[in-house]
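Asks: Got a structure for you, questions after.
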Amino acid sequence: VGLALVAAALVPEGLRQAWGQGAAPFYRRIFVVRPVRGLLLVALIVAPFYVAMARNQGMGAVNFMLFGQSIGRFTGQSGYTSSTTPLFFFHTALWAFAPFTPLLVHSLWRRAHEMFRSRALPADESRVVLWWLVIPFMAISFADFKLPQYLYWLLPAAALLAAEELEQLADSARRWHLAVQWTLGLVATVMATAGTWLWDANVSGRIGWFVTPTLVLIALFTVSRHLKDNVRFVAASVATTVGLFCWVHGFFEPKLLEFQPGRELGAVIRRLDPQGAVTVMPVGVSPAFSLGFYSGRHMVVAEAADIARMVRNGEVSVAVVNKGEYAALEQAGLNVQPVVSTARFPISRLNAAFLNPSTRASTLEWLEVVKLTPKSGP
């Protein structure tokens with residue numbers, strides 16, 4: 001929601017009409033955009049969500065979500081920044097839209113070529129899907145903060161465009177794409193095998209994660225030879241990623257979860273503070289919302305003075321802090337007793353330093369569960 005949705009509602013139909021209305025200057029033809037209708041459509045879609053948020057969390061939360069988390073991502077007012085470029089989602093999409101990335105690229109290239117050759121946008125409903133993908137994609141590319149999962153909501157549009165392209169491919173192009181898909185499947189299998197060397201694993205585990213993706217690829221290749229053309233292409237697309245996904249979900253994700261606070265830390269919080277109303281972290285600690293889930297409580301970020309008040313009122317008796325950083329809590333009148341600590345990788349955007357075993361430790365942050373009690377005396 002926000003700027004991308006507003007743009008998607010206002011621009012496409014106006015551009016479609018403006019592009020083909022003869023020789024009038026473009027700056028005059030662009031005014032066929034219908035802003036009132038577009039804004040009413042946006043309001044109709046988002047109003048229930050924001051009304052519920054205002055009732056539960058106040059207008060400040062509405063302002064943060066509607067402006068801080070949309071326009072604020074472009075003006076620097078959201079409070080979130082990352083060291084990426086506007087090209088971040090272009091290379092991310094190459095793997096995020098797998099296995100149909102080659103078809104999607106072919107579709108976009110063909111559409112762009114036809115559009116600039118004929119000076120007309122597609123005359124069918126598929127242009128709606130094209131706007132769905134292209135406008136938000138370009139908008140989020142210029143946001144101050146980017147994560148790979150920001151592309152998730154564009155996957156359906158990308159898949160629909162790729163499926164349409166598959167139906168329109170000529171026989172020669174279909175054979176070329178089929179070869180590309182099997183090549184990608186082989187590359188994915190090699191990547192899964194090589195990926196086991198980034199983490200601790202025994203010999204049998206490494207062999208197993210080579211054999212599994214390879215057998216999946218061979219099995220699907222064998223089956224696909226007896227299928228019709230379109231179904232054969234689908235089988236090749238599935239083969240591209242199924243083996244890799246087996247490795248991701250069976251090996252890679254469990255390894256990543258070792259670097260996120262999870263079930264064990266949540267159990268410690270519940271044991272130390274069985275009557276606690278919330279799981280609290282001081283301001284300045286990067287939130288670990290998974291701890292709210294595993295501790296069975298809302299995650300709250302608060303100032304040290306507010307945490308001290310909550311401790312005295314019996315609302316909490318533990319907190320999650322950056323390891324060794326107790327000064328603010330102690331100055332607020334609390335005794336701090338360290339209990340257990342854990343390392344975590346603080347963001348969901350993996351980088352080369354984290355994947356490299358020799359530099360992984362430098363990318364980690366340490367969280368610590370501490371027991372809190374009020375200091376005695378004045």
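Going through the structure tokens in order, the chains are called A, B, and so on, while each chain numbers its residues from 1 and the ligands are numbered from 1 in the order shown.
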Find the residues near Gln260 in chain A: any atom within 9 Å, counting only C-alpha atoms, skip ones fewer than 5 places away on the same chain, and give them as a list in words.
Replies: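 Those residues are Ala288, Ser290, Thr342, Ala343, Arg344, Phe345 and Pro346 of chain A.
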Asks: Keeping N, CA and C atoms, export the residues of the selection given above as a PDB file, in the first residue's frame.
Replies:
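Saved file out.pdb follows:
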```
ATOM      1  N   ALA A 288      13.835  -8.283  17.764  1.00  0.00           N
ATOM      2  CA  ALA A 288      13.827  -9.703  17.389  1.00  0.00           C
ATOM      3  C   ALA A 288      12.406 -10.201  17.583  1.00  0.00           C
ATOM      4  N   SER A 290      10.802 -12.592  16.431  1.00  0.00           N
ATOM      5  CA  SER A 290      10.607 -14.029  16.605  1.00  0.00           C
ATOM      6  C   SER A 290      10.528 -14.389  18.083  1.00  0.00           C
ATOM      7  N   THR A 342      22.844 -15.386  22.938  1.00  0.00           N
ATOM      8  CA  THR A 342      22.816 -16.099  21.659  1.00  0.00           C
ATOM      9  C   THR A 342      23.244 -15.153  20.549  1.00  0.00           C
ATOM     10  N   ALA A 343      23.865 -15.692  19.519  1.00  0.00           N
ATOM     11  CA  ALA A 343      24.278 -14.896  18.363  1.00  0.00           C
ATOM     12  C   ALA A 343      23.171 -14.893  17.323  1.00  0.00           C
ATOM     13  N   ARG A 344      23.074 -13.797  16.598  1.00  0.00           N
ATOM     14  CA  ARG A 344      22.097 -13.745  15.511  1.00  0.00           C
ATOM     15  C   ARG A 344      22.632 -12.903  14.365  1.00  0.00           C
ATOM     16  N   PHE A 345      22.161 -13.235  13.166  1.00  0.00           N
ATOM     17  CA  PHE A 345      22.397 -12.398  11.992  1.00  0.00           C
ATOM     18  C   PHE A 345      21.224 -11.434  11.911  1.00  0.00           C
ATOM     19  N   PRO A 346      21.454 -10.114  11.968  1.00  0.00           N
ATOM     20  CA  PRO A 346      20.379  -9.175  12.299  1.00  0.00           C
ATOM     21  C   PRO A 346      19.390  -8.852  11.191  1.00  0.00           C
TER      22      PRO A 346
END
```
Asks: Residues within 12 Å of Thr279 in chain A, please, as number ranges by chain. Count only C-alpha atoms; anything in the same chain fewer than 3 positions from it doesn't count.
Replies: A: 265-270, 272-276, 282, 287-302, 307, 310-311, 315-321, 369-370
Asks: Report as a PyMOL selection string all protein, DNA and RNA residues lying within 9 Å of Thr85 in chain A, evaluated on only C-alpha atoms, omitting residues in the same chain fewer than 4 positions from it.
Replies: chain A and resi 89+141-142+144
Asks: Within 9 Å of Thr240 in chain A, counting only C-alpha atoms, which residues qualify if same-chain residues fewer than 5 places away don't, as a list in words?
Replies: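 Contacts, with the query itself left out: Ala98, Pro99, Gln181, Trp182, Thr183, Leu184, Gly185, Leu186, Val187, Ala188, Thr189, Leu217 and Ala235 of chain A.
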Asks: Restricting the output to N, CA, C and O atoms, write the selected residues as an mmCIF file, in the first residue's frame.
Replies:
```
data_model
loop_
_atom_site.group_PDB
_atom_site.id
_atom_site.type_symbol
_atom_site.label_atom_id
_atom_site.label_comp_id
_atom_site.auth_asym_id
_atom_site.auth_seq_id
_atom_site.Cartn_x
_atom_site.Cartn_y
_atom_site.Cartn_z
ATOM 1 N N ALA A 98 12.504 -17.312 -10.124
ATOM 2 C CA ALA A 98 12.758 -18.647 -10.670
ATOM 3 C C ALA A 98 11.596 -19.568 -10.307
ATOM 4 O O ALA A 98 10.973 -19.402 -9.236
ATOM 5 N N PRO A 99 11.257 -20.548 -11.174
ATOM 6 C CA PRO A 99 12.006 -20.984 -12.353
ATOM 7 C C PRO A 99 11.601 -20.320 -13.662
ATOM 8 O O PRO A 99 12.104 -20.690 -14.718
ATOM 9 N N GLN A 181 16.129 -23.972 -19.395
ATOM 10 C CA GLN A 181 15.584 -24.461 -18.129
ATOM 11 C C GLN A 181 16.383 -25.650 -17.603
ATOM 12 O O GLN A 181 16.690 -25.720 -16.403
ATOM 13 N N TRP A 182 16.729 -26.595 -18.453
ATOM 14 C CA TRP A 182 17.506 -27.751 -17.982
ATOM 15 C C TRP A 182 18.907 -27.328 -17.561
ATOM 16 O O TRP A 182 19.466 -27.875 -16.600
ATOM 17 N N THR A 183 19.462 -26.339 -18.239
ATOM 18 C CA THR A 183 20.775 -25.824 -17.836
ATOM 19 C C THR A 183 20.701 -25.187 -16.462
ATOM 20 O O THR A 183 21.570 -25.397 -15.605
ATOM 21 N N LEU A 184 19.628 -24.411 -16.228
ATOM 22 C CA LEU A 184 19.451 -23.798 -14.917
ATOM 23 C C LEU A 184 19.266 -24.869 -13.837
ATOM 24 O O LEU A 184 19.723 -24.709 -12.704
ATOM 25 N N GLY A 185 18.573 -25.947 -14.182
ATOM 26 C CA GLY A 185 18.412 -27.036 -13.227
ATOM 27 C C GLY A 185 19.744 -27.647 -12.840
ATOM 28 O O GLY A 185 19.988 -27.956 -11.663
ATOM 29 N N LEU A 186 20.636 -27.805 -13.828
ATOM 30 C CA LEU A 186 21.967 -28.334 -13.546
ATOM 31 C C LEU A 186 22.767 -27.364 -12.680
ATOM 32 O O LEU A 186 23.442 -27.776 -11.729
ATOM 33 N N VAL A 187 22.667 -26.061 -12.992
ATOM 34 C CA VAL A 187 23.369 -25.043 -12.198
ATOM 35 C C VAL A 187 22.859 -25.047 -10.759
ATOM 36 O O VAL A 187 23.642 -24.962 -9.805
ATOM 37 N N ALA A 188 21.541 -25.150 -10.587
ATOM 38 C CA ALA A 188 20.967 -25.163 -9.242
ATOM 39 C C ALA A 188 21.453 -26.366 -8.447
ATOM 40 O O ALA A 188 21.711 -26.277 -7.244
ATOM 41 N N THR A 189 21.582 -27.508 -9.113
ATOM 42 C CA THR A 189 22.084 -28.717 -8.444
ATOM 43 C C THR A 189 23.523 -28.522 -7.980
ATOM 44 O O THR A 189 23.885 -28.895 -6.859
ATOM 45 N N LEU A 217 16.542 -34.051 -10.377
ATOM 46 C CA LEU A 217 16.747 -33.536 -11.738
ATOM 47 C C LEU A 217 16.670 -34.662 -12.761
ATOM 48 O O LEU A 217 15.998 -34.537 -13.795
ATOM 49 N N ALA A 235 7.499 -29.275 -16.660
ATOM 50 C CA ALA A 235 8.332 -30.222 -15.917
ATOM 51 C C ALA A 235 9.770 -29.724 -15.826
ATOM 52 O O ALA A 235 10.421 -29.842 -14.778
#
```
Asks: May I have the residues within 9 Å of Phe252 in chain A as a PyMOL selection string, using only C-alpha atoms and disregarding those fewer than 5 positions away in the same chain?
Replies: chain A and resi 195-196+199+247+257
Asks: Calculated over only C-alpha atoms, which of the candidates A:Met65, A:Leu198, A:Leu108, A:Leu155 has the smallest distance to Pro357 in chain A?
Replies: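 Among the listed residues, the smallest separation from Pro357 in chain A belongs to A:Leu198.
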Asks: Write out as a list in words each polymer residue whose atoms come within 12 Å of Pro86 in chain A, counting only C-alpha atoms; drop sequence neighbours fewer than 4 positions from it.
Replies: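 Everything that qualifies: Phe74, Ser82, Phe90, His91, Thr92, Phe137, Met138, Ala139, Ile140, Ser141, Phe142, Ala143, Asp144, Phe145 and Lys146 of chain A.
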Asks: Rounded to one decimal place, report the CA of Gly314 in chain A-CA of Tyr326 in chain A distance in Å.
Replies: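 Straight-line distance from CA of Gly314 in chain A to CA of Tyr326 in chain A works out to 19.9 Å.
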Asks: Determine which residues of range 157-348 of chain A DSSP labels as alpha helix (DSSP H) from the backbone of this structure, then write them out as a VMD selection string.
Replies: chain A and resid 157 to 168 171 to 195 203 to 224 229 to 247 253 to 257 263 to 272 289 to 294 304 to 312 327 to 331
Asks: I need the strand (DSSP E) residues of range 150-286 of chain A per DSSP on the backbone, written as a PyMOL selection string.
Replies: chain A and resi 278-282
